[in-house]
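Below is coords.pdb, which holds PDB, C-alpha atoms and all ligand atoms.
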MODEL        1
ATOM      1  CA  MET A   1      91.327 -39.178  -1.464  1.00  0.00           C
ATOM      2  CA  GLN A   2      92.074 -35.515  -1.934  1.00  0.00           C
ATOM      3  CA  ILE A   3      90.394 -32.744   0.072  1.00  0.00           C
ATOM      4  CA  ARG A   4      90.204 -29.538  -1.926  1.00  0.00           C
ATOM      5  CA  PRO A   5      88.107 -26.374  -2.176  1.00  0.00           C
ATOM      6  CA  ALA A   6      84.965 -26.775  -4.258  1.00  0.00           C
ATOM      7  CA  ARG A   7      85.035 -25.290  -7.754  1.00  0.00           C
ATOM      8  CA  PRO A   8      82.179 -24.130  -9.990  1.00  0.00           C
ATOM      9  CA  VAL A   9      82.604 -27.288 -12.081  1.00  0.00           C
ATOM     10  CA  ASP A  10      81.559 -29.331  -8.999  1.00  0.00           C
ATOM     11  CA  GLY A  11      78.195 -27.548  -8.969  1.00  0.00           C
ATOM     12  CA  ASP A  12      75.862 -30.328 -10.168  1.00  0.00           C
ATOM     13  CA  ARG A  13      77.496 -33.021  -8.050  1.00  0.00           C
ATOM     14  CA  LEU A  14      77.534 -30.751  -5.015  1.00  0.00           C
ATOM     15  CA  VAL A  15      73.829 -30.050  -5.454  1.00  0.00           C
ATOM     16  CA  THR A  16      73.206 -33.800  -5.185  1.00  0.00           C
ATOM     17  CA  LEU A  17      75.379 -34.137  -2.082  1.00  0.00           C
ATOM     18  CA  ARG A  18      73.834 -31.076  -0.445  1.00  0.00           C
ATOM     19  CA  HIS A  19      70.350 -32.327  -1.153  1.00  0.00           C
ATOM     20  CA  ALA A  20      71.268 -35.673   0.429  1.00  0.00           C
ATOM     21  CA  LEU A  21      72.356 -33.869   3.613  1.00  0.00           C
ATOM     22  CA  TRP A  22      69.575 -31.273   3.648  1.00  0.00           C
ATOM     23  CA  PRO A  23      66.615 -32.896   1.841  1.00  0.00           C
ATOM     24  CA  ASP A  24      64.200 -30.210   3.071  1.00  0.00           C
ATOM     25  CA  GLY A  25      65.710 -27.804   0.562  1.00  0.00           C
ATOM     26  CA  ALA A  26      64.595 -28.220  -3.048  1.00  0.00           C
ATOM     27  CA  ILE A  27      67.214 -29.039  -5.694  1.00  0.00           C
ATOM     28  CA  GLU A  28      66.655 -25.558  -7.175  1.00  0.00           C
ATOM     29  CA  GLU A  29      67.325 -23.932  -3.784  1.00  0.00           C
ATOM     30  CA  HIS A  30      70.607 -25.791  -3.398  1.00  0.00           C
ATOM     31  CA  ALA A  31      71.595 -24.893  -6.939  1.00  0.00           C
ATOM     32  CA  GLY A  32      70.791 -21.232  -6.261  1.00  0.00           C
ATOM     33  CA  GLU A  33      72.763 -21.171  -3.019  1.00  0.00           C
ATOM     34  CA  LEU A  34      75.766 -22.784  -4.681  1.00  0.00           C
ATOM     35  CA  ALA A  35      75.600 -20.356  -7.582  1.00  0.00           C
ATOM     36  CA  ALA A  36      75.619 -17.462  -5.089  1.00  0.00           C
ATOM     37  CA  PHE A  37      78.579 -19.041  -3.283  1.00  0.00           C
ATOM     38  CA  PHE A  38      80.604 -19.458  -6.465  1.00  0.00           C
ATOM     39  CA  ASP A  39      79.710 -15.904  -7.531  1.00  0.00           C
ATOM     40  CA  GLY A  40      81.030 -14.625  -4.191  1.00  0.00           C
ATOM     41  CA  GLU A  41      77.601 -13.330  -3.229  1.00  0.00           C
ATOM     42  CA  ALA A  42      76.745 -15.706  -0.379  1.00  0.00           C
ATOM     43  CA  ARG A  43      77.060 -14.542   3.226  1.00  0.00           C
ATOM     44  CA  GLU A  44      77.753 -18.149   4.090  1.00  0.00           C
ATOM     45  CA  PRO A  45      79.334 -20.601   3.741  1.00  0.00           C
ATOM     46  CA  LEU A  46      82.726 -18.960   3.466  1.00  0.00           C
ATOM     47  CA  GLU A  47      84.288 -22.147   2.143  1.00  0.00           C
ATOM     48  CA  ILE A  48      83.201 -25.510   0.779  1.00  0.00           C
ATOM     49  CA  LEU A  49      85.648 -28.408   0.760  1.00  0.00           C
ATOM     50  CA  VAL A  50      85.091 -31.616  -1.183  1.00  0.00           C
ATOM     51  CA  ALA A  51      86.603 -35.100  -0.907  1.00  0.00           C
ATOM     52  CA  GLU A  52      87.559 -36.308  -4.364  1.00  0.00           C
ATOM     53  CA  SER A  53      89.078 -39.644  -5.386  1.00  0.00           C
ATOM     54  CA  ALA A  54      91.632 -40.036  -8.182  1.00  0.00           C
ATOM     55  CA  ASP A  55      88.921 -40.727 -10.785  1.00  0.00           C
ATOM     56  CA  GLY A  56      87.234 -37.404 -10.006  1.00  0.00           C
ATOM     57  CA  THR A  57      84.331 -38.826  -7.985  1.00  0.00           C
ATOM     58  CA  LEU A  58      83.136 -36.655  -5.089  1.00  0.00           C
ATOM     59  CA  HIS A  59      82.615 -38.698  -1.917  1.00  0.00           C
ATOM     60  CA  GLY A  60      81.669 -35.962   0.538  1.00  0.00           C
ATOM     61  CA  PHE A  61      81.873 -32.311   1.429  1.00  0.00           C
ATOM     62  CA  CYS A  62      81.916 -29.890   4.300  1.00  0.00           C
ATOM     63  CA  GLU A  63      80.813 -26.277   4.516  1.00  0.00           C
ATOM     64  CA  LEU A  64      82.548 -23.749   6.733  1.00  0.00           C
ATOM     65  CA  SER A  65      81.826 -20.351   8.165  1.00  0.00           C
ATOM     66  CA  ILE A  66      83.098 -18.070  10.913  1.00  0.00           C
ATOM     67  CA  ARG A  67      80.590 -17.286  13.643  1.00  0.00           C
ATOM     68  CA  ALA A  68      80.754 -14.305  15.986  1.00  0.00           C
ATOM     69  CA  TYR A  69      79.075 -16.457  18.639  1.00  0.00           C
ATOM     70  CA  ALA A  70      79.033 -20.207  19.063  1.00  0.00           C
ATOM     71  CA  GLU A  71      77.663 -22.136  22.012  1.00  0.00           C
ATOM     72  CA  GLY A  72      80.328 -22.866  24.630  1.00  0.00           C
ATOM     73  CA  CYS A  73      83.047 -20.901  22.826  1.00  0.00           C
ATOM     74  CA  ARG A  74      85.138 -18.106  24.327  1.00  0.00           C
ATOM     75  CA  THR A  75      86.181 -16.207  21.234  1.00  0.00           C
ATOM     76  CA  ASP A  76      84.108 -14.092  18.835  1.00  0.00           C
ATOM     77  CA  ARG A  77      85.577 -15.582  15.681  1.00  0.00           C
ATOM     78  CA  VAL A  78      84.809 -19.262  15.730  1.00  0.00           C
ATOM     79  CA  GLY A  79      85.485 -21.494  12.739  1.00  0.00           C
ATOM     80  CA  TYR A  80      82.249 -23.412  12.261  1.00  0.00           C
ATOM     81  CA  LEU A  81      81.349 -26.672  10.561  1.00  0.00           C
ATOM     82  CA  GLU A  82      78.033 -25.735   8.953  1.00  0.00           C
ATOM     83  CA  GLY A  83      77.609 -28.932   6.976  1.00  0.00           C
ATOM     84  CA  TRP A  84      79.364 -32.301   6.916  1.00  0.00           C
ATOM     85  CA  TYR A  85      78.458 -35.191   4.649  1.00  0.00           C
ATOM     86  CA  VAL A  86      80.014 -38.398   3.333  1.00  0.00           C
ATOM     87  CA  CYS A  87      78.236 -40.659   0.835  1.00  0.00           C
ATOM     88  CA  PRO A  88      76.777 -43.715   2.591  1.00  0.00           C
ATOM     89  CA  ALA A  89      79.013 -46.216   0.751  1.00  0.00           C
ATOM     90  CA  ASP A  90      82.140 -44.314   1.805  1.00  0.00           C
ATOM     91  CA  ARG A  91      81.424 -43.893   5.503  1.00  0.00           C
ATOM     92  CA  GLY A  92      83.624 -45.340   8.215  1.00  0.00           C
ATOM     93  CA  GLY A  93      86.777 -45.041   6.119  1.00  0.00           C
ATOM     94  CA  GLY A  94      88.190 -41.750   7.321  1.00  0.00           C
ATOM     95  CA  VAL A  95      86.725 -39.398   4.712  1.00  0.00           C
ATOM     96  CA  GLY A  96      84.743 -37.477   7.342  1.00  0.00           C
ATOM     97  CA  ARG A  97      87.816 -37.177   9.530  1.00  0.00           C
ATOM     98  CA  ALA A  98      89.869 -35.861   6.597  1.00  0.00           C
ATOM     99  CA  LEU A  99      87.194 -33.259   5.758  1.00  0.00           C
ATOM    100  CA  VAL A 100      87.107 -31.991   9.346  1.00  0.00           C
ATOM    101  CA  ALA A 101      90.912 -31.877   9.569  1.00  0.00           C
ATOM    102  CA  ALA A 102      90.978 -29.767   6.403  1.00  0.00           C
ATOM    103  CA  GLY A 103      88.175 -27.588   7.802  1.00  0.00           C
ATOM    104  CA  GLU A 104      90.151 -27.019  10.983  1.00  0.00           C
ATOM    105  CA  ALA A 105      93.228 -26.089   8.957  1.00  0.00           C
ATOM    106  CA  TRP A 106      91.101 -23.617   6.963  1.00  0.00           C
ATOM    107  CA  ALA A 107      89.790 -22.060  10.205  1.00  0.00           C
ATOM    108  CA  ARG A 108      93.292 -21.771  11.679  1.00  0.00           C
ATOM    109  CA  HIS A 109      94.393 -20.065   8.487  1.00  0.00           C
ATOM    110  CA  GLN A 110      91.526 -17.566   9.003  1.00  0.00           C
ATOM    111  CA  GLY A 111      92.925 -16.748  12.446  1.00  0.00           C
ATOM    112  CA  CYS A 112      90.406 -18.779  14.439  1.00  0.00           C
ATOM    113  CA  THR A 113      91.492 -20.452  17.663  1.00  0.00           C
ATOM    114  CA  GLU A 114      88.241 -22.361  18.224  1.00  0.00           C
ATOM    115  CA  PHE A 115      86.186 -24.649  16.018  1.00  0.00           C
ATOM    116  CA  GLY A 116      82.480 -25.304  16.570  1.00  0.00           C
ATOM    117  CA  SER A 117      79.786 -27.528  15.166  1.00  0.00           C
ATOM    118  CA  ASP A 118      76.349 -28.897  15.983  1.00  0.00           C
ATOM    119  CA  ALA A 119      74.190 -31.921  15.361  1.00  0.00           C
ATOM    120  CA  GLU A 120      70.525 -32.786  15.683  1.00  0.00           C
ATOM    121  CA  ALA A 121      69.894 -34.165  19.147  1.00  0.00           C
ATOM    122  CA  ASP A 122      68.903 -37.564  17.708  1.00  0.00           C
ATOM    123  CA  ASN A 123      71.772 -37.867  15.200  1.00  0.00           C
ATOM    124  CA  GLN A 124      73.748 -40.362  17.273  1.00  0.00           C
ATOM    125  CA  VAL A 125      76.240 -41.163  14.487  1.00  0.00           C
ATOM    126  CA  SER A 126      77.129 -37.507  14.090  1.00  0.00           C
ATOM    127  CA  ILE A 127      77.394 -37.064  17.867  1.00  0.00           C
ATOM    128  CA  GLU A 128      79.730 -40.071  18.166  1.00  0.00           C
ATOM    129  CA  ALA A 129      81.777 -38.932  15.178  1.00  0.00           C
ATOM    130  CA  HIS A 130      82.170 -35.417  16.627  1.00  0.00           C
ATOM    131  CA  ARG A 131      83.395 -36.885  19.911  1.00  0.00           C
ATOM    132  CA  ALA A 132      85.805 -39.204  18.085  1.00  0.00           C
ATOM    133  CA  LEU A 133      87.263 -36.164  16.330  1.00  0.00           C
ATOM    134  CA  GLY A 134      87.992 -34.362  19.583  1.00  0.00           C
ATOM    135  CA  PHE A 135      84.937 -32.140  19.932  1.00  0.00           C
ATOM    136  CA  SER A 136      83.551 -31.808  23.455  1.00  0.00           C
ATOM    137  CA  ASP A 137      79.880 -31.269  24.244  1.00  0.00           C
ATOM    138  CA  ALA A 138      79.029 -27.559  24.449  1.00  0.00           C
ATOM    139  CA  GLY A 139      75.361 -27.840  25.391  1.00  0.00           C
ATOM    140  CA  LEU A 140      71.960 -28.969  24.172  1.00  0.00           C
ATOM    141  CA  ILE A 141      69.404 -26.339  23.187  1.00  0.00           C
ATOM    142  CA  ARG A 142      65.846 -26.221  21.823  1.00  0.00           C
ATOM    143  CA  CYS A 143      65.250 -23.679  19.068  1.00  0.00           C
ATOM    144  CA  PHE A 144      62.041 -21.682  18.503  1.00  0.00           C
ATOM    145  CA  ARG A 145      60.691 -19.246  15.921  1.00  0.00           C
ATOM    146  CA  LYS A 146      57.594 -17.274  15.002  1.00  0.00           C
ATOM    147  CA  ASP A 147      56.558 -15.015  12.186  1.00  0.00           C
ATOM    148  CA  LEU A 148      56.670 -11.262  12.768  1.00  0.00           C
TER     149      LEU A 148
HETATM  150  C1  LIG B   1      79.032 -37.967  10.136  1.00  0.00           C
HETATM  151  C2  LIG B   1      79.749 -38.417   8.874  1.00  0.00           C
HETATM  152  C3  LIG B   1      80.102 -37.172   8.034  1.00  0.00           C
HETATM  153  C4  LIG B   1      81.050 -39.129   9.269  1.00  0.00           C
HETATM  154  O1  LIG B   1      81.749 -39.450   8.069  1.00  0.00           O
HETATM  155  P1  LIG B   1      82.685 -40.759   7.988  1.00  0.00           P
HETATM  156  O2  LIG B   1      83.468 -40.688   6.738  1.00  0.00           O
HETATM  157  O3  LIG B   1      81.880 -41.978   8.217  1.00  0.00           O
HETATM  158  O4  LIG B   1      83.643 -40.513   9.232  1.00  0.00           O
HETATM  159  P2  LIG B   1      85.046 -41.233   9.511  1.00  0.00           P
HETATM  160  O5  LIG B   1      85.063 -42.591   8.893  1.00  0.00           O
HETATM  161  O6  LIG B   1      86.138 -40.299   9.138  1.00  0.00           O
HETATM  162  O7  LIG B   1      84.987 -41.385  11.067  1.00  0.00           O
HETATM  163  C5  LIG B   1      85.343 -40.296  11.923  1.00  0.00           C
HETATM  164  C6  LIG B   1      85.206 -40.748  13.356  1.00  0.00           C
HETATM  165  O8  LIG B   1      83.824 -40.863  13.671  1.00  0.00           O
HETATM  166  C7  LIG B   1      83.539 -42.129  14.205  1.00  0.00           C
HETATM  167  N1  LIG B   1      82.339 -42.669  13.578  1.00  0.00           N
HETATM  168  C8  LIG B   1      82.018 -42.632  12.271  1.00  0.00           C
HETATM  169  N2  LIG B   1      80.859 -43.277  12.060  1.00  0.00           N
HETATM  170  C9  LIG B   1      80.454 -43.727  13.266  1.00  0.00           C
HETATM  171  C10 LIG B   1      79.338 -44.490  13.695  1.00  0.00           C
HETATM  172  N3  LIG B   1      78.415 -44.918  12.822  1.00  0.00           N
HETATM  173  N4  LIG B   1      79.223 -44.767  15.009  1.00  0.00           N
HETATM  174  C11 LIG B   1      80.144 -44.353  15.883  1.00  0.00           C
HETATM  175  N5  LIG B   1      81.238 -43.636  15.543  1.00  0.00           N
HETATM  176  C12 LIG B   1      81.389 -43.337  14.234  1.00  0.00           C
HETATM  177  C13 LIG B   1      84.661 -43.027  13.790  1.00  0.00           C
HETATM  178  O9  LIG B   1      84.892 -43.965  14.810  1.00  0.00           O
HETATM  179  C14 LIG B   1      85.826 -42.132  13.544  1.00  0.00           C
HETATM  180  O10 LIG B   1      86.712 -42.093  14.614  1.00  0.00           O
HETATM  181  P3  LIG B   1      88.086 -42.939  14.513  1.00  0.00           P
HETATM  182  O11 LIG B   1      88.802 -42.402  13.302  1.00  0.00           O
HETATM  183  O12 LIG B   1      88.740 -42.604  15.794  1.00  0.00           O
HETATM  184  O13 LIG B   1      87.673 -44.355  14.344  1.00  0.00           O
HETATM  185  C15 LIG B   1      78.864 -39.404   8.062  1.00  0.00           C
HETATM  186  O14 LIG B   1      78.431 -40.444   8.918  1.00  0.00           O
HETATM  187  C16 LIG B   1      77.642 -38.773   7.423  1.00  0.00           C
HETATM  188  O15 LIG B   1      77.729 -38.177   6.353  1.00  0.00           O
HETATM  189  N6  LIG B   1      76.469 -38.889   8.070  1.00  0.00           N
HETATM  190  C17 LIG B   1      75.227 -38.377   7.509  1.00  0.00           C
HETATM  191  C18 LIG B   1      75.191 -36.854   7.497  1.00  0.00           C
HETATM  192  C19 LIG B   1      75.387 -36.306   8.888  1.00  0.00           C
HETATM  193  O16 LIG B   1      74.762 -36.719   9.847  1.00  0.00           O
HETATM  194  N7  LIG B   1      76.289 -35.304   8.954  1.00  0.00           N
HETATM  195  C20 LIG B   1      76.583 -34.628  10.188  1.00  0.00           C
HETATM  196  C21 LIG B   1      75.600 -33.542  10.361  1.00  0.00           C
HETATM  197  S1  LIG B   1      75.873 -32.701  11.904  1.00  0.00           S
ENDMDL
END
Kindly return the structure encoded in the file as C-alpha cells.
Amino acid sequence: MQIRPARPVDGDRLVTLRHALWPDGAIEEHAGELAAFFDGEAREPLEILVAESADGTLHGFCELSIRAYAEGCRTDRVGYLEGWYVCPADRGGGVGRALVAAGEAWARHQGCTEFGSDAEADNQVSIEAHRALGFSDAGLIRCFRKDL
C-alpha cells in the first residue's frame, strides 16, 4: 500500500470515497470541491493523501489543513486531520494508521509541531482509533449556529 498525494486523475474515485465519508454532501458538491482543490482554488484542504495498492485501487484517503486554532493546542499553526476514511473491506489492516503517519509527516514538513483532529461524539471506532494512534483527548464541545 502506497500513501501518496492525490492527483487530478483520482478525481472520480475520490468523489466516491468522500461521499462515503460525508454522505450529506451531494456527489456534485464533492466533485466541485475536488475540482477547486486540484485547481489550487480551495482554501482547504491544503493536501489530500490517498492509499493506493499496486493495482491502482484507492483504499482510503485523508484530508489535511493547518488551523490557526485547534482545541487543546498551544500553537497557532496546527496540522489538522480534516477527513480520514478507509473503505470498509480494508479496515483494521493498518491503512488508517499509514494515512495518519503520512499526514503527520506532511504537517511536520509544513513547520507544525502539533497535530489535531476531531470525531463525532458517538463515533466510537474513530475515537478508539485516534487514541490508538497517540492522540489524547482535547475536549468535548457542542456546536451551534443560526442564520444572520
Ligand atoms: C477510522 C478509520 C479511518 C480507521 O482506519 P483503519 O484502516 O481501520 O485503521 P487501522 O487499521 O490503521 O487502525 C489504526 C488503529 O486504530 C485502532 N482501531 C481501528 N479500528 C478499530 C475499531 N473498530 N475498534 C477499536 N480500535 C480500532 C486499531 O487498533 C489501530 O491501532 P493498532 O495499530 O495499535 O492496532 C476507519 O475505521 C474508517 O474509515 N471509519 C469510517 C470513517 C470515520 O469514522 N473516519 C473518522 C472520522 S473522524
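When CA of Glu114 (chain A) is paired with CA of Val78 (chain A), their separation reads 5.3 Å.
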Item to complete: Work out how far apart CA of Leu99 (chain A) and CA of Arg74 (chain A) are and give it in Å to one decimal.
Response: 24.1 Å
Selection near Ser126 (chain A), 12 Å with all atoms listed in the file, sequence-local residues under 2 positions removed, as a PDB file with C-alpha atoms, in the coordinates of the input:
ATOM      1  CA  GLY A  83      77.609 -28.932   6.976  1.00  0.00           C
ATOM      2  CA  TRP A  84      79.364 -32.301   6.916  1.00  0.00           C
ATOM      3  CA  TYR A  85      78.458 -35.191   4.649  1.00  0.00           C
ATOM      4  CA  VAL A  86      80.014 -38.398   3.333  1.00  0.00           C
ATOM      5  CA  ARG A  91      81.424 -43.893   5.503  1.00  0.00           C
ATOM      6  CA  GLY A  92      83.624 -45.340   8.215  1.00  0.00           C
ATOM      7  CA  GLY A  96      84.743 -37.477   7.342  1.00  0.00           C
ATOM      8  CA  ARG A  97      87.816 -37.177   9.530  1.00  0.00           C
ATOM      9  CA  SER A 117      79.786 -27.528  15.166  1.00  0.00           C
ATOM     10  CA  ASP A 118      76.349 -28.897  15.983  1.00  0.00           C
ATOM     11  CA  ALA A 119      74.190 -31.921  15.361  1.00  0.00           C
ATOM     12  CA  GLU A 120      70.525 -32.786  15.683  1.00  0.00           C
ATOM     13  CA  ALA A 121      69.894 -34.165  19.147  1.00  0.00           C
ATOM     14  CA  ASP A 122      68.903 -37.564  17.708  1.00  0.00           C
ATOM     15  CA  ASN A 123      71.772 -37.867  15.200  1.00  0.00           C
ATOM     16  CA  GLN A 124      73.748 -40.362  17.273  1.00  0.00           C
ATOM     17  CA  GLU A 128      79.730 -40.071  18.166  1.00  0.00           C
ATOM     18  CA  ALA A 129      81.777 -38.932  15.178  1.00  0.00           C
ATOM     19  CA  HIS A 130      82.170 -35.417  16.627  1.00  0.00           C
ATOM     20  CA  ARG A 131      83.395 -36.885  19.911  1.00  0.00           C
ATOM     21  CA  ALA A 132      85.805 -39.204  18.085  1.00  0.00           C
ATOM     22  CA  LEU A 133      87.263 -36.164  16.330  1.00  0.00           C
ATOM     23  CA  PHE A 135      84.937 -32.140  19.932  1.00  0.00           C
TER      24      PHE A 135
END
Worksheet, complete the sentence: Counting all atoms listed in the file, closest pick from A:Pro45, A:Gly40, A:Pro88, A:Gly134 relative to Ala101 (chain A) is A:Gly134
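With only C-alpha atoms and all ligand atoms as the atoms that count, the residue of A:Ser65, A:Ala54, A:Met1, A:Ile127 with the shortest distance to ligand LIG 1 (chain B) is A:Ile127.
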Fill in: Reference answer for the PyMOL selection byres (((chain A and resi 138-144) around 6) and not hetatm), as a PyMOL selection string
chain A and resi 72+137+145
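Here atom C8 of ligand LIG 1 (chain B) is placed at a distance of 23.7 Å from CA of Arg108 (chain A).
Using the PyMOL selection byres (((chain A and resi 87) around 12) and not hetatm) on the file at hand returns these residues: Arg13, Leu14, Thr16, Leu17, Arg18, His19, Ala20, Leu21, Val50, Ala51, Glu52, Thr57, Leu58, His59, Gly60, Phe61, Cys62, Trp84, Tyr85, Val86, Pro88, Ala89, Asp90, Arg91, Gly92, Gly93, Gly94, Val95 and Gly96 of chain A.
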Worksheet, complete the sentence: Of A:Ala68, A:Glu82, A:Arg77, A:Trp22, the one nearest to Glu47 (chain A) when counting all atoms listed in the file is A:Glu82
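Nearest-residue note for ligand LIG 1 (chain B): choosing from A:Ala6, A:Ala98, A:Ala107, A:Ile66, the minimum distance belongs to A:Ala98, counting all atoms listed in the file.
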For Gly32 (chain A), please output as a PDB file with C-alpha atoms, in the coordinates of the input all residues within 12 Å (counting all atoms listed in the file; exclusion window: fewer than 4 positions along the same chain).
ATOM      1  CA  GLY A  11      78.195 -27.548  -8.969  1.00  0.00           C
ATOM      2  CA  ASP A  12      75.862 -30.328 -10.168  1.00  0.00           C
ATOM      3  CA  LEU A  14      77.534 -30.751  -5.015  1.00  0.00           C
ATOM      4  CA  VAL A  15      73.829 -30.050  -5.454  1.00  0.00           C
ATOM      5  CA  ARG A  18      73.834 -31.076  -0.445  1.00  0.00           C
ATOM      6  CA  GLY A  25      65.710 -27.804   0.562  1.00  0.00           C
ATOM      7  CA  ALA A  26      64.595 -28.220  -3.048  1.00  0.00           C
ATOM      8  CA  ILE A  27      67.214 -29.039  -5.694  1.00  0.00           C
ATOM      9  CA  GLU A  28      66.655 -25.558  -7.175  1.00  0.00           C
ATOM     10  CA  ALA A  36      75.619 -17.462  -5.089  1.00  0.00           C
ATOM     11  CA  PHE A  37      78.579 -19.041  -3.283  1.00  0.00           C
ATOM     12  CA  PHE A  38      80.604 -19.458  -6.465  1.00  0.00           C
ATOM     13  CA  ASP A  39      79.710 -15.904  -7.531  1.00  0.00           C
ATOM     14  CA  GLU A  41      77.601 -13.330  -3.229  1.00  0.00           C
ATOM     15  CA  ALA A  42      76.745 -15.706  -0.379  1.00  0.00           C
TER      16      ALA A  42
END
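The nearest approach to ligand LIG 1 (chain B) among the residues A:Asp147, A:Val125, A:Gly111, A:Arg7, with only C-alpha atoms and all ligand atoms taken into account, belongs to A:Val125.
Of the residues listed (A:Thr113, A:Glu71, A:Glu63, A:Asp76), A:Glu63 shows the shortest atom-to-atom separation from ligand LIG 1 (chain B); distances use all atoms listed in the file.
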So for ligand LIG 1 (chain B), what box centre and size do we get, axis-aligned, 6 Å extra on each of the six sides, every listed atom, Å to one decimal, as lines of an AutoDock Vina configuration file?
center_x = 81.8
center_y = -38.8
center_z = 11.1
size_x = 26.0
size_y = 24.2
size_z = 21.5
